[in-house]
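To start, the structure under review is shown below, and the notes come after it.
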Amino acid sequence: MHSMDCERGISPENIADLYPADDYPHGNPERHWRSYYKHVLLLAYQSCGVVYGDLSTSPLYVYKSTFAGSLRRFEDEETIFGVFSLVFWTITLIPLLKYVFIVLSADDNGEGGTFALYSLLVRHAKISLMPNQQAADEELSTYHKPGYAPQDTAILRALRRFLENHSKSRTCLLLTVLFGASLVIGDGVLTPAMSVMSSFSGLQFHSHTLTNGEVVILSCIVLVCLFTLQHWGTHRVAFLFAPVIVTWLLLLGGTGVYNIIVWNPRVFYALSPTYLVRFFMRTGREGWIALGGVLLSMTGTEAMFADLGHFTATSIRVAFVGLIYPCLVLQYMGQAAFLSKTPECDIHFIFFKSIPVQLFWPVLVVATLASIVGSQAVITATFSIVRQCMALGCFPRVKIVHTSSLIPGQIYSPEINWLLMLVCLGVTVGFRDTMLIGNAYGMACSGVMVVTTLLMTLVIIFVWQLGFIMATLFLLAFGVVEAAYLSAALMKVPQGGWLPLALSLQFVAIMYTWHYGTRLKHSFDVQNKVSLRWIHALGPSLGIVRVPGIGLIYSELASGVPAVFSHFVTNLPAFHQVLVFVCVKAVPVPHVCPEERHLVGRIGPRDFHMFRCVVRYGYKDVLGEESDFENDLVLRIAEFVHMEAADNRPSDGAASAVEGRMSVVRRPGDLARTGRLLVQEPADEESLVVRAATAATDGDKSDTLESLQAIYEAESPAGAAYGGRRQRVRFELSDLAGEHVDPEVKAELAAIVEAKHAGVAYIMGHSYIKARKSSNVFKKFTIDIAYNFLRKNSRGPAVALNIPHISLIEVGMIYYV
């Protein structure tokens with residue numbers, strides 16, 4: 001229940017929907033509030049293990065990285081207090097004020113992250129580069145927030161028109177989003193290396209005979225084990241995450257209080273921002289460079305927003321304000337108090353030196369576990385980022401495995417996992433020093449935050465519509481601070497800061513190359529689609545032999561007939577009795593409700609038996625591996641035939657020639673308001689019999705489902721994705737249809753049933769994309785070499801869509817773009 005509640009977004013307003021009134025005494029609203037608070041506290045506890053694993057391990061290396069350079073010669077009480085003041089105001093201004101109180105409110109139907117902000121902007125200003133939007137997409141229940149009313153001021157219209165009319169500005173915005181996503185992927189490489197090596201440095205502090213090479217070997221062993229266990233799924237060990245992080249935070253807070261009391265209670269004075277000003281006045285350029293180390297106190301902050309879909313904004317806020325923030329402040333304050341009285345200590349082991357001797361081994365064990373938990377969360381977030389990029393056509397197709405049948409967000413990608421492991425091991429062995437890794441880590445962290453600030457500024461203008469003054473104040477308040485940290489991180493580019501830039505540029509090049517090739521391919525399809533006049537001129541037989549069966553023609557076109565159809569019939573003049581043009585399309589919303597997923601329409605007159613089905617998915621939706629797509633599609637087409645007849649729609653050629661005449665068709669099981677249900681009858685051990693039956697209808701529609709009877713026969717065991725068994729469906733016309741069904745409708749249903757009995761074939765274009773001879777050198781290299789290399793080394797569309805190989809027909813085509 002918790003995962004479902006998280007996706008809905010729990011609030012006091014909908015708590016009554018979550019807990020029915022019948023469960024509570026009338027006139028006792030306090031019980032509703034108690035249940036709501038319990039739920040929020042439970043989610044806040046769970047979020048500690050998933051969201052804050054990375055942020056909570058920052059005390060392991062912040063002071064070490066800050067004082068590692070030339071700032072070491074300024075190490076006295078005033079300078080140390082100045083560094084703590086910097087840390088305190090940094091985590092107060094950015095994680096607390098910016099993210100907890102502002103950015104978490106910019107959710108996209110409960111989802112967060114860089115792509116959530118981009119999807120909000122795409123829906124409120126037509127700035128998407130993919131030309132596959134339909135007017136019907138704006139009718140989705142998750143497209144606009146309830147009560148949304150755009151306020152088109154003159155300045156807002158001018159800015160929207162500028163972005164919509166200038167493709168370069170839209171390209172820059174997309175590249176900014178891809179760069180932010182690439183930096184998050186870079187975090188998936190740097191976080192495990194940084195956290196694990198920092199935790200193992202405690203062993204080196206305890207045993208001086210342990211060399212740095214041995215620490216690297218131990219870290220590599222743990223990293224290999226961490227990435228190897230990813231295929232088991234987060235849910236199998238997630239119950240350990242929250243207790244580990246909560247225990248770790250309590251240890252941080254407790255040891256921090258101990259160090260404050262024992263070493264230097266005067267550290268409380270450093271909460272004043274005057275110490276921050278005096279720090280820069282005294283240290284100058286060295287203090288500015290040291291910002292790169294202070295920046296590490298914010299690493300993992302972006303996870304609060306990125307993981308919003310698994311929890312709620314309220315629960316994340318409660319966890320941060322109630323536990324994370326005070327424990328981190330106390331720990332940083334305690335380390336500053338200890339360092340102010342022991343300036344001669346080895347700064348590389350400052351964290352473990354400040355721990356009481358009696359607690360060394362417990363803290364070391366919990367620190368190692370917390371580092372693994374933090375790494376696990378970032379790796380899982382990387383898988384989610386890759387999946388979102390794939391959904392928006394910005395990443396080559398890779399295998400996505402859903403490790404939990406209950407929680408869609410828990411996924412695993414073998415190719416990405418092993419790639420991350422190899423790069424992570426290369427970073428660990430190549431750098432061999434947490435200082436260099438920390439420089440790279442800070443660069444990635446500051447870059448992601450700047451991207452979020454830029455996108456939030458546009459969200460304030462276009463989505464929240466608070467005006468340019470508020471957007472400018474937000475940009476100045478946080479952008480200036482983050483720009484300062486970014487400039488300090490850029491100064492450390494030669495000392496390891498180049499790594500996230502290099503990784504990000506490579507990922508951006510891959511993403512944009514794939515998006516560029518996909519966009520050109522779609523444009524070619526649009527420009528070369530078959531004219532409906534040509535199809536109508538062919539007549540019902542389409543000028544070819546109509547063989548028994550259903551042909552599902554896959555295309556990226558949401559409207560029009562693709563060129564692959566004419567290419568097929570030109571070379572092989574025969575096609576199936578029923579043709580369905582299927583388009584699987586991603587829309588810029590996180591989730592599409594199942595009852596709104598399918599758009600079904602007709603192409604040509606009724607006797608052509610040609611339909612179109614657009615299957616819409618959100619960028620965080622799961623392509624159902626266990627769903628029976630063929631049979632579900634037949635039922636939806638039958639329902640569409642019924643709806644068309646009930647609405648008295650004309651089926652002549654002229655009316656059907658109109659593009660865009662499509663209807664949202666829900667599954668028969670979704671039609672609760674009309675009483676239509678799928679009733680599963682008892683079956684013997686070897687077979688299942690499921691019959692389409694109807695209950696009382698609302699009187700305004702004929703009983704279409706009475707005309708179909710589904711008989712499912714058991715098949716030999718299939719793959720594990722289908723639970724070990726897969727059902728074969730047989731449709732038949734029922735005698736219950738009687739005289740109430742229109743003869744033409746009944747004849748068409750009979751044709752569909754006959755075609756389904758004959759079998760279903762999947763027709764898909766096997767495209768080769770080449771640049772035109774007149775193209776420039778850059779385009780030829782991008783398309784002929786880079787894009788085709790990615791296409792050949794990624795999973796094919798048939799595999800990604802789970803199309804059975806035995807029923808697949810691929811039609812080769814060359815696209816000159």
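Following the order of the structure tokens, chains are lettered A, B, ..., residues in each are numbered from 1, and ligands are numbered from 1.
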
Which of region 26-72 of chain A end up as helix (DSSP H, G or I) when DSSP is run on this backbone - answer as a VMD selection string?
chain A and resid 29 to 50 53 to 56 58 to 60 62 to 66 70 to 72

For region 363-379 of chain A: contacts at 6 Å, only C-alpha atoms, fewer than 5 positions along chain excluded, given as JSON, numbers by chain
{"A": [50, 53, 54, 188, 191, 192, 195, 196, 199, 245]}

Can you tell me how far CA of Ser794 (chain A) sits from CA of Pro500 (chain A), in Å to one decimal?
24.0 Å

Counting only C-alpha atoms, what is within 10 Å of Arg160 (chain A), bar same-chain residues fewer than 5 positions away, as a CSV table (one decimal) with N, CA and C atoms, in the first residue's frame?
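Result went into out.csv, see below:
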chain,number,residue,atom,x,y,z
A,124,HIS,N,3.7,23.3,-20.8
A,124,HIS,CA,3.2,24.7,-20.6
A,124,HIS,C,3.7,25.6,-21.7
A,125,ALA,N,4.7,25.1,-22.4
A,125,ALA,CA,5.2,25.9,-23.6
A,125,ALA,C,5.7,24.8,-24.6
A,126,LYS,N,5.3,25.0,-25.8
A,126,LYS,CA,5.6,23.9,-26.8
A,126,LYS,C,7.0,24.0,-27.3
A,127,ILE,N,7.9,23.5,-26.4
A,127,ILE,CA,9.3,23.6,-26.7
A,127,ILE,C,10.0,22.2,-26.9
A,152,ASP,N,-1.9,34.7,-19.9
A,152,ASP,CA,-1.0,35.1,-21.0
A,152,ASP,C,-0.7,36.6,-20.9
A,154,ALA,N,1.7,39.9,-21.7
A,154,ALA,CA,2.4,40.3,-22.9
A,154,ALA,C,3.9,39.7,-22.8
A,155,ILE,N,4.5,39.9,-21.7
A,155,ILE,CA,5.9,39.4,-21.5
A,155,ILE,C,6.0,37.9,-21.6
A,165,ASN,N,9.5,29.5,-31.3
A,165,ASN,CA,9.9,29.8,-32.7
A,165,ASN,C,11.4,29.6,-33.0
A,461,ILE,N,8.3,30.9,-14.0
A,461,ILE,CA,7.7,31.8,-15.0
A,461,ILE,C,6.6,31.2,-15.7
A,462,PHE,N,6.8,30.0,-16.3
A,462,PHE,CA,5.8,29.4,-17.2
A,462,PHE,C,4.7,28.6,-16.4

Do a neighbour search on Ile550 (chain A) at 8 Å with only C-alpha atoms, toss out local chain neighbours closer than 2 positions, and write the hits as a PyMOL selection string.
chain A and resi 548+552+576-580+752+755-756+758-761

For N, CA, C and O atoms, I'd like the residues from the last selection saved as a PDB file, in the first residue's frame.
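Ended up saving to selection_36.pdb:
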ATOM      1  N   PRO A 548      -6.011 -14.049 -44.526  1.00  0.00           N
ATOM      2  CA  PRO A 548      -6.576 -14.111 -43.170  1.00  0.00           C
ATOM      3  C   PRO A 548      -5.554 -13.685 -42.109  1.00  0.00           C
ATOM      4  O   PRO A 548      -4.353 -13.915 -42.254  1.00  0.00           O
ATOM      5  N   LEU A 552      -0.373  -6.174 -37.321  1.00  0.00           N
ATOM      6  CA  LEU A 552      -0.058  -5.028 -36.474  1.00  0.00           C
ATOM      7  C   LEU A 552       1.172  -4.345 -37.056  1.00  0.00           C
ATOM      8  O   LEU A 552       2.283  -4.878 -36.995  1.00  0.00           O
ATOM      9  N   HIS A 576      -2.911  -8.490 -44.532  1.00  0.00           N
ATOM     10  CA  HIS A 576      -3.849  -9.207 -43.681  1.00  0.00           C
ATOM     11  C   HIS A 576      -5.264  -8.639 -43.791  1.00  0.00           C
ATOM     12  O   HIS A 576      -5.470  -7.494 -44.207  1.00  0.00           O
ATOM     13  N   GLN A 577      -6.195  -9.454 -43.348  1.00  0.00           N
ATOM     14  CA  GLN A 577      -7.607  -9.100 -43.432  1.00  0.00           C
ATOM     15  C   GLN A 577      -7.936  -7.879 -42.591  1.00  0.00           C
ATOM     16  O   GLN A 577      -8.747  -7.037 -42.968  1.00  0.00           O
ATOM     17  N   VAL A 578      -7.311  -7.774 -41.433  1.00  0.00           N
ATOM     18  CA  VAL A 578      -7.487  -6.623 -40.536  1.00  0.00           C
ATOM     19  C   VAL A 578      -6.115  -6.000 -40.324  1.00  0.00           C
ATOM     20  O   VAL A 578      -5.157  -6.698 -39.971  1.00  0.00           O
ATOM     21  N   LEU A 579      -6.022  -4.693 -40.514  1.00  0.00           N
ATOM     22  CA  LEU A 579      -4.764  -3.971 -40.340  1.00  0.00           C
ATOM     23  C   LEU A 579      -4.904  -2.983 -39.191  1.00  0.00           C
ATOM     24  O   LEU A 579      -5.894  -2.236 -39.120  1.00  0.00           O
ATOM     25  N   VAL A 580      -3.922  -2.993 -38.313  1.00  0.00           N
ATOM     26  CA  VAL A 580      -3.908  -2.058 -37.186  1.00  0.00           C
ATOM     27  C   VAL A 580      -2.541  -1.375 -37.166  1.00  0.00           C
ATOM     28  O   VAL A 580      -1.507  -2.044 -37.026  1.00  0.00           O
ATOM     29  N   ILE A 752     -13.340  -9.461 -37.390  1.00  0.00           N
ATOM     30  CA  ILE A 752     -12.233  -9.327 -36.437  1.00  0.00           C
ATOM     31  C   ILE A 752     -11.970 -10.649 -35.743  1.00  0.00           C
ATOM     32  O   ILE A 752     -10.812 -11.067 -35.575  1.00  0.00           O
ATOM     33  N   ALA A 755     -10.302 -13.006 -38.133  1.00  0.00           N
ATOM     34  CA  ALA A 755      -8.900 -12.641 -38.321  1.00  0.00           C
ATOM     35  C   ALA A 755      -8.057 -13.028 -37.110  1.00  0.00           C
ATOM     36  O   ALA A 755      -6.918 -13.490 -37.241  1.00  0.00           O
ATOM     37  N   LYS A 756      -8.632 -12.875 -35.916  1.00  0.00           N
ATOM     38  CA  LYS A 756      -7.881 -13.240 -34.709  1.00  0.00           C
ATOM     39  C   LYS A 756      -7.626 -14.739 -34.679  1.00  0.00           C
ATOM     40  O   LYS A 756      -6.556 -15.207 -34.267  1.00  0.00           O
ATOM     41  N   ALA A 758      -7.142 -16.614 -37.198  1.00  0.00           N
ATOM     42  CA  ALA A 758      -6.115 -16.926 -38.191  1.00  0.00           C
ATOM     43  C   ALA A 758      -4.719 -16.599 -37.691  1.00  0.00           C
ATOM     44  O   ALA A 758      -3.742 -17.154 -38.184  1.00  0.00           O
ATOM     45  N   GLY A 759      -4.623 -15.691 -36.728  1.00  0.00           N
ATOM     46  CA  GLY A 759      -3.319 -15.363 -36.165  1.00  0.00           C
ATOM     47  C   GLY A 759      -2.986 -13.893 -36.296  1.00  0.00           C
ATOM     48  O   GLY A 759      -3.603 -13.147 -37.063  1.00  0.00           O
ATOM     49  N   VAL A 760      -1.978 -13.487 -35.527  1.00  0.00           N
ATOM     50  CA  VAL A 760      -1.546 -12.089 -35.490  1.00  0.00           C
ATOM     51  C   VAL A 760      -0.090 -12.020 -35.926  1.00  0.00           C
ATOM     52  O   VAL A 760       0.749 -12.790 -35.453  1.00  0.00           O
ATOM     53  N   ALA A 761       0.202 -11.114 -36.840  1.00  0.00           N
ATOM     54  CA  ALA A 761       1.567 -10.891 -37.301  1.00  0.00           C
ATOM     55  C   ALA A 761       1.982  -9.464 -36.956  1.00  0.00           C
ATOM     56  O   ALA A 761       1.165  -8.526 -37.017  1.00  0.00           O
TER      57      ALA A 761
END

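Looking only at region 346-450 of chain A, the set that DSSP places in strand (DSSP E or B) from backbone geometry is Val401, His402, Ile411 and Tyr412 of chain A.
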
Could you write those residues out with N, CA, C and O atoms, as a short mmCIF file (atom, residue, chain, number, x, y, z; two decimals), in the first residue's frame?
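Output saved as selection-v3.cif:
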data_model
loop_
_atom_site.label_atom_id
_atom_site.label_comp_id
_atom_site.auth_asym_id
_atom_site.auth_seq_id
_atom_site.Cartn_x
_atom_site.Cartn_y
_atom_site.Cartn_z
N VAL A 401 15.14 -4.33 -16.45
CA VAL A 401 14.53 -5.42 -15.70
C VAL A 401 13.86 -4.82 -14.48
O VAL A 401 14.47 -4.04 -13.74
N HIS A 402 12.61 -5.17 -14.26
CA HIS A 402 11.86 -4.68 -13.11
C HIS A 402 12.03 -5.68 -11.97
O HIS A 402 11.51 -6.80 -12.03
N ILE A 411 14.19 -0.75 -10.63
CA ILE A 411 14.56 -1.37 -11.89
C ILE A 411 16.05 -1.65 -11.89
O ILE A 411 16.79 -1.22 -10.99
N TYR A 412 16.48 -2.38 -12.91
CA TYR A 412 17.87 -2.77 -13.04
C TYR A 412 18.20 -2.88 -14.52
O TYR A 412 17.40 -3.41 -15.31
#

Any idea what the distance is between CA of Thr90 (chain A) and CA of Leu505 (chain A)?
27.8 Å

Name all residues at most 7 Å from region 418-422 of chain A (count only C-alpha atoms; drop same-chain ones fewer than 6 positions away) and give them as a ChimeraX atom specification.
/A:189,224,227

Å distance separating CA of Thr382 (chain A) from CA of Val184 (chain A), one decimal place:
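Computing it gives 6.8 Å between the two atoms.
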
Choose the residue, out of A:Gly186, A:Gly604, A:Gly256, A:Gly479, that has the smallest atom-to-atom separation from Ser354 (chain A); count only C-alpha atoms.
A:Gly256

Which residues are near Arg282 (chain A)? Cut-off 12 Å, only C-alpha atoms, ignore same chain within fewer than 3 positions. Put them as a CSV table (one decimal) with all heavy atoms, in the first residue's frame.
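around-v9.csv, freshly written:
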chain,number,residue,atom,x,y,z
A,71,LEU,N,44.9,26.0,2.4
A,71,LEU,CA,44.2,26.5,3.5
A,71,LEU,C,44.8,26.0,4.8
A,71,LEU,O,44.5,26.5,5.9
A,71,LEU,CB,42.7,26.2,3.4
A,71,LEU,CG,41.8,26.9,4.4
A,71,LEU,CD1,41.7,28.4,4.1
A,71,LEU,CD2,40.4,26.3,4.2
A,73,ARG,N,47.6,26.2,6.1
A,73,ARG,CA,48.5,27.1,6.8
A,73,ARG,C,47.7,28.2,7.6
A,73,ARG,O,48.2,28.9,8.4
A,73,ARG,CB,49.5,27.8,5.9
A,73,ARG,CG,48.8,28.7,4.8
A,73,ARG,CD,49.8,29.1,3.8
A,73,ARG,NE,49.2,29.9,2.7
A,73,ARG,CZ,49.2,31.3,2.8
A,73,ARG,NH1,49.6,31.9,3.8
A,73,ARG,NH2,48.6,32.0,1.8
A,74,PHE,N,46.4,28.3,7.3
A,74,PHE,CA,45.5,29.2,8.1
A,74,PHE,C,44.8,28.5,9.2
A,74,PHE,O,43.9,29.1,9.8
A,74,PHE,CB,44.5,29.8,7.1
A,74,PHE,CG,45.0,30.7,6.1
A,74,PHE,CD1,45.2,30.3,4.8
A,74,PHE,CD2,45.4,32.0,6.4
A,74,PHE,CE1,45.7,31.1,3.8
A,74,PHE,CE2,45.9,32.9,5.5
A,74,PHE,CZ,46.1,32.4,4.2
A,75,GLU,N,45.2,27.3,9.5
A,75,GLU,CA,44.4,26.5,10.4
A,75,GLU,C,44.6,26.9,11.9
A,75,GLU,O,45.5,26.6,12.6
A,75,GLU,CB,44.8,25.0,10.3
A,75,GLU,CG,43.8,24.0,10.9
A,75,GLU,CD,44.1,22.6,10.6
A,75,GLU,OE1,44.7,22.3,9.5
A,75,GLU,OE2,43.8,21.7,11.5
A,76,ASP,N,43.6,27.8,12.3
A,76,ASP,CA,43.5,28.2,13.7
A,76,ASP,C,42.1,28.2,14.0
A,76,ASP,O,41.2,27.9,13.2
A,76,ASP,CB,44.2,29.5,13.9
A,76,ASP,CG,43.7,30.6,13.0
A,76,ASP,OD1,42.6,30.5,12.4
A,76,ASP,OD2,44.5,31.5,12.7
A,78,GLU,N,39.9,30.6,14.5
A,78,GLU,CA,39.0,31.5,13.7
A,78,GLU,C,38.8,31.0,12.3
A,78,GLU,O,37.6,31.0,11.8
A,78,GLU,CB,39.6,32.9,13.6
A,78,GLU,CG,38.7,33.9,13.0
A,78,GLU,CD,39.3,35.4,13.0
A,78,GLU,OE1,40.3,35.6,13.7
A,78,GLU,OE2,38.7,36.2,12.4
A,79,THR,N,39.8,30.5,11.7
A,79,THR,CA,39.6,29.9,10.4
A,79,THR,C,38.7,28.7,10.4
A,79,THR,O,37.9,28.5,9.5
A,79,THR,CB,41.0,29.6,9.7
A,79,THR,OG1,41.8,30.7,9.7
A,79,THR,CG2,40.8,29.1,8.3
A,80,ILE,N,38.9,27.8,11.4
A,80,ILE,CA,38.1,26.6,11.5
A,80,ILE,C,36.7,27.0,11.7
A,80,ILE,O,35.8,26.4,11.1
A,80,ILE,CB,38.7,25.7,12.6
A,80,ILE,CG1,40.1,25.2,12.3
A,80,ILE,CG2,37.7,24.5,12.9
A,80,ILE,CD1,40.8,24.5,13.4
A,82,GLY,N,35.3,29.7,10.8
A,82,GLY,CA,34.8,30.2,9.5
A,82,GLY,C,34.4,29.1,8.5
A,82,GLY,O,33.4,29.3,7.8
A,83,VAL,N,35.2,28.0,8.5
A,83,VAL,CA,34.8,26.9,7.6
A,83,VAL,C,33.5,26.3,8.1
A,83,VAL,O,32.6,26.0,7.3
A,83,VAL,CB,35.9,25.9,7.6
A,83,VAL,CG1,35.5,24.6,6.9
A,83,VAL,CG2,37.2,26.4,6.9
A,275,TYR,N,31.5,35.2,11.0
A,275,TYR,CA,32.7,34.4,10.9
A,275,TYR,C,32.9,34.0,9.4
A,275,TYR,O,34.0,33.9,9.0
A,275,TYR,CB,32.5,33.1,11.7
A,275,TYR,CG,32.8,33.3,13.1
A,275,TYR,CD1,31.9,33.7,14.0
A,275,TYR,CD2,34.1,33.0,13.6
A,275,TYR,CE1,32.2,33.9,15.4
A,275,TYR,CE2,34.4,33.1,15.0
A,275,TYR,CZ,33.4,33.6,15.8
A,275,TYR,OH,33.7,33.7,17.2
A,276,LEU,N,31.8,33.9,8.6
A,276,LEU,CA,31.9,33.6,7.2
A,276,LEU,C,32.6,34.8,6.5
A,276,LEU,O,33.5,34.5,5.7
A,276,LEU,CB,30.5,33.4,6.7
A,276,LEU,CG,30.3,32.9,5.2
A,276,LEU,CD1,29.0,32.1,5.2
A,276,LEU,CD2,30.2,34.0,4.3
A,277,VAL,N,32.2,36.0,6.8
A,277,VAL,CA,32.8,37.2,6.2
A,277,VAL,C,34.2,37.3,6.5
A,277,VAL,O,35.1,37.5,5.7
A,277,VAL,CB,32.0,38.4,6.5
A,277,VAL,CG1,32.6,39.7,5.9
A,277,VAL,CG2,30.5,38.3,6.1
A,278,ARG,N,34.6,37.1,7.8
A,278,ARG,CA,35.9,37.3,8.3
A,278,ARG,C,36.8,36.2,7.7
A,278,ARG,O,38.0,36.4,7.4
A,278,ARG,CB,36.0,37.2,9.8
A,278,ARG,CG,35.5,38.5,10.4
A,278,ARG,CD,34.9,38.4,11.8
A,278,ARG,NE,35.8,37.7,12.7
A,278,ARG,CZ,35.5,37.4,14.0
A,278,ARG,NH1,34.3,37.7,14.4
A,278,ARG,NH2,36.4,36.8,14.8
A,279,PHE,N,36.2,35.0,7.4
A,279,PHE,CA,37.0,33.9,6.8
A,279,PHE,C,37.5,34.3,5.4
A,279,PHE,O,38.7,34.1,5.1
A,279,PHE,CB,36.1,32.7,6.7
A,279,PHE,CG,36.7,31.6,5.9
A,279,PHE,CD1,37.7,30.7,6.4
A,279,PHE,CD2,36.3,31.4,4.5
A,279,PHE,CE1,38.2,29.7,5.6
A,279,PHE,CE2,36.8,30.4,3.8
A,279,PHE,CZ,37.8,29.5,4.3
A,285,ARG,N,42.1,34.2,-1.8
A,285,ARG,CA,42.0,33.2,-2.8
A,285,ARG,C,42.0,31.8,-2.3
A,285,ARG,O,41.3,30.9,-2.9
A,285,ARG,CB,43.1,33.4,-3.8
A,285,ARG,CG,43.0,32.5,-5.1
A,285,ARG,CD,44.2,32.9,-6.0
A,285,ARG,NE,44.1,32.1,-7.3
A,285,ARG,CZ,44.6,30.8,-7.4
A,285,ARG,NH1,45.2,30.3,-6.4
A,285,ARG,NH2,44.4,30.2,-8.5
A,286,GLU,N,42.8,31.5,-1.3
A,286,GLU,CA,42.8,30.2,-0.7
A,286,GLU,C,41.5,29.8,-0.2
A,286,GLU,O,41.0,28.6,-0.3
A,286,GLU,CB,43.9,30.0,0.3
A,286,GLU,CG,45.3,30.0,-0.2
A,286,GLU,CD,45.8,31.4,-0.6
A,286,GLU,OE1,45.1,32.4,-0.3
A,286,GLU,OE2,46.9,31.5,-1.2
A,287,GLY,N,40.8,30.7,0.5
A,287,GLY,CA,39.4,30.4,1.0
A,287,GLY,C,38.4,30.2,-0.1
A,287,GLY,O,37.5,29.4,0.0
A,288,TRP,N,38.6,30.9,-1.2
A,288,TRP,CA,37.7,30.7,-2.4
A,288,TRP,C,37.9,29.3,-3.0
A,288,TRP,O,37.0,28.6,-3.3
A,288,TRP,CB,38.0,31.8,-3.5
A,288,TRP,CG,37.0,31.8,-4.6
A,288,TRP,CD1,37.0,31.1,-5.7
A,288,TRP,CD2,35.8,32.5,-4.6
A,288,TRP,NE1,35.9,31.4,-6.5
A,288,TRP,CE2,35.1,32.3,-5.8
A,288,TRP,CE3,35.2,33.4,-3.6
A,288,TRP,CZ2,33.9,32.8,-6.1
A,288,TRP,CZ3,34.0,34.0,-4.0
A,288,TRP,CH2,33.3,33.7,-5.2

Pick out the residues sitting within 7 Å of Val62 (chain A), and hand them over as a PyMOL selection string; count only C-alpha atoms, and ignore anything fewer than 2 positions along from it in its own chain.
chain A and resi 58-60+64-66+293-294+296-297

Kindly provide the residues of region 511-610 of chain A that approach region 98-113 of chain A to within 10 Å, each paired with its closest atom pair and their distance in Å to one decimal, based on only C-alpha atoms, listed by chain and increasing number, as a tab-separated table.
residue	atom	partner	partner_atom	distance
A:Pro588	CA	A:Asp108	CA	9.9
A:Val589	CA	A:Asp108	CA	7.5
A:Pro590	CA	A:Glu111	CA	6.8
A:His591	CA	A:Asn109	CA	8.3

Please produce a file of the residues just selected, as a short mmCIF file (atom, residue, chain, number, x, y, z; two decimals), in the first residue's frame, where the atoms kept are N, CA, C and O atoms.
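Final file, selection07.cif:
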data_model
loop_
_atom_site.label_atom_id
_atom_site.label_comp_id
_atom_site.auth_asym_id
_atom_site.auth_seq_id
_atom_site.Cartn_x
_atom_site.Cartn_y
_atom_site.Cartn_z
N PRO A 588 4.89 13.63 -22.38
CA PRO A 588 5.64 14.32 -21.32
C PRO A 588 4.90 14.40 -19.99
O PRO A 588 4.74 15.47 -19.41
N VAL A 589 4.43 13.27 -19.50
CA VAL A 589 3.85 13.17 -18.16
C VAL A 589 4.48 11.96 -17.49
O VAL A 589 4.91 11.03 -18.18
N PRO A 590 4.58 11.93 -16.18
CA PRO A 590 5.23 10.78 -15.54
C PRO A 590 4.45 9.49 -15.68
O PRO A 590 5.04 8.44 -15.89
N HIS A 591 3.14 9.55 -15.56
CA HIS A 591 2.31 8.35 -15.62
C HIS A 591 1.05 8.62 -16.42
O HIS A 591 0.48 9.72 -16.36
#

Between A:Lys521, A:His348, A:Lys585, A:His208, single out the one closest to Ala771 (chain A), counting only C-alpha atoms.
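Nearest candidate to Ala771 (chain A) out of A:Lys521, A:His348, A:Lys585, A:His208: A:Lys521.
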
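Using only C-alpha atoms, the smallest distance between any of A:Val357, A:Leu295, A:Leu328, A:Ile769 and Leu249 (chain A) comes from A:Leu328.
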
Pick from A:Val493, A:Ala563, A:Met197, A:Ala502: nearest to Asn528 (chain A), with only C-alpha atoms counted?
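Nearest to Asn528 (chain A): A:Ala563.
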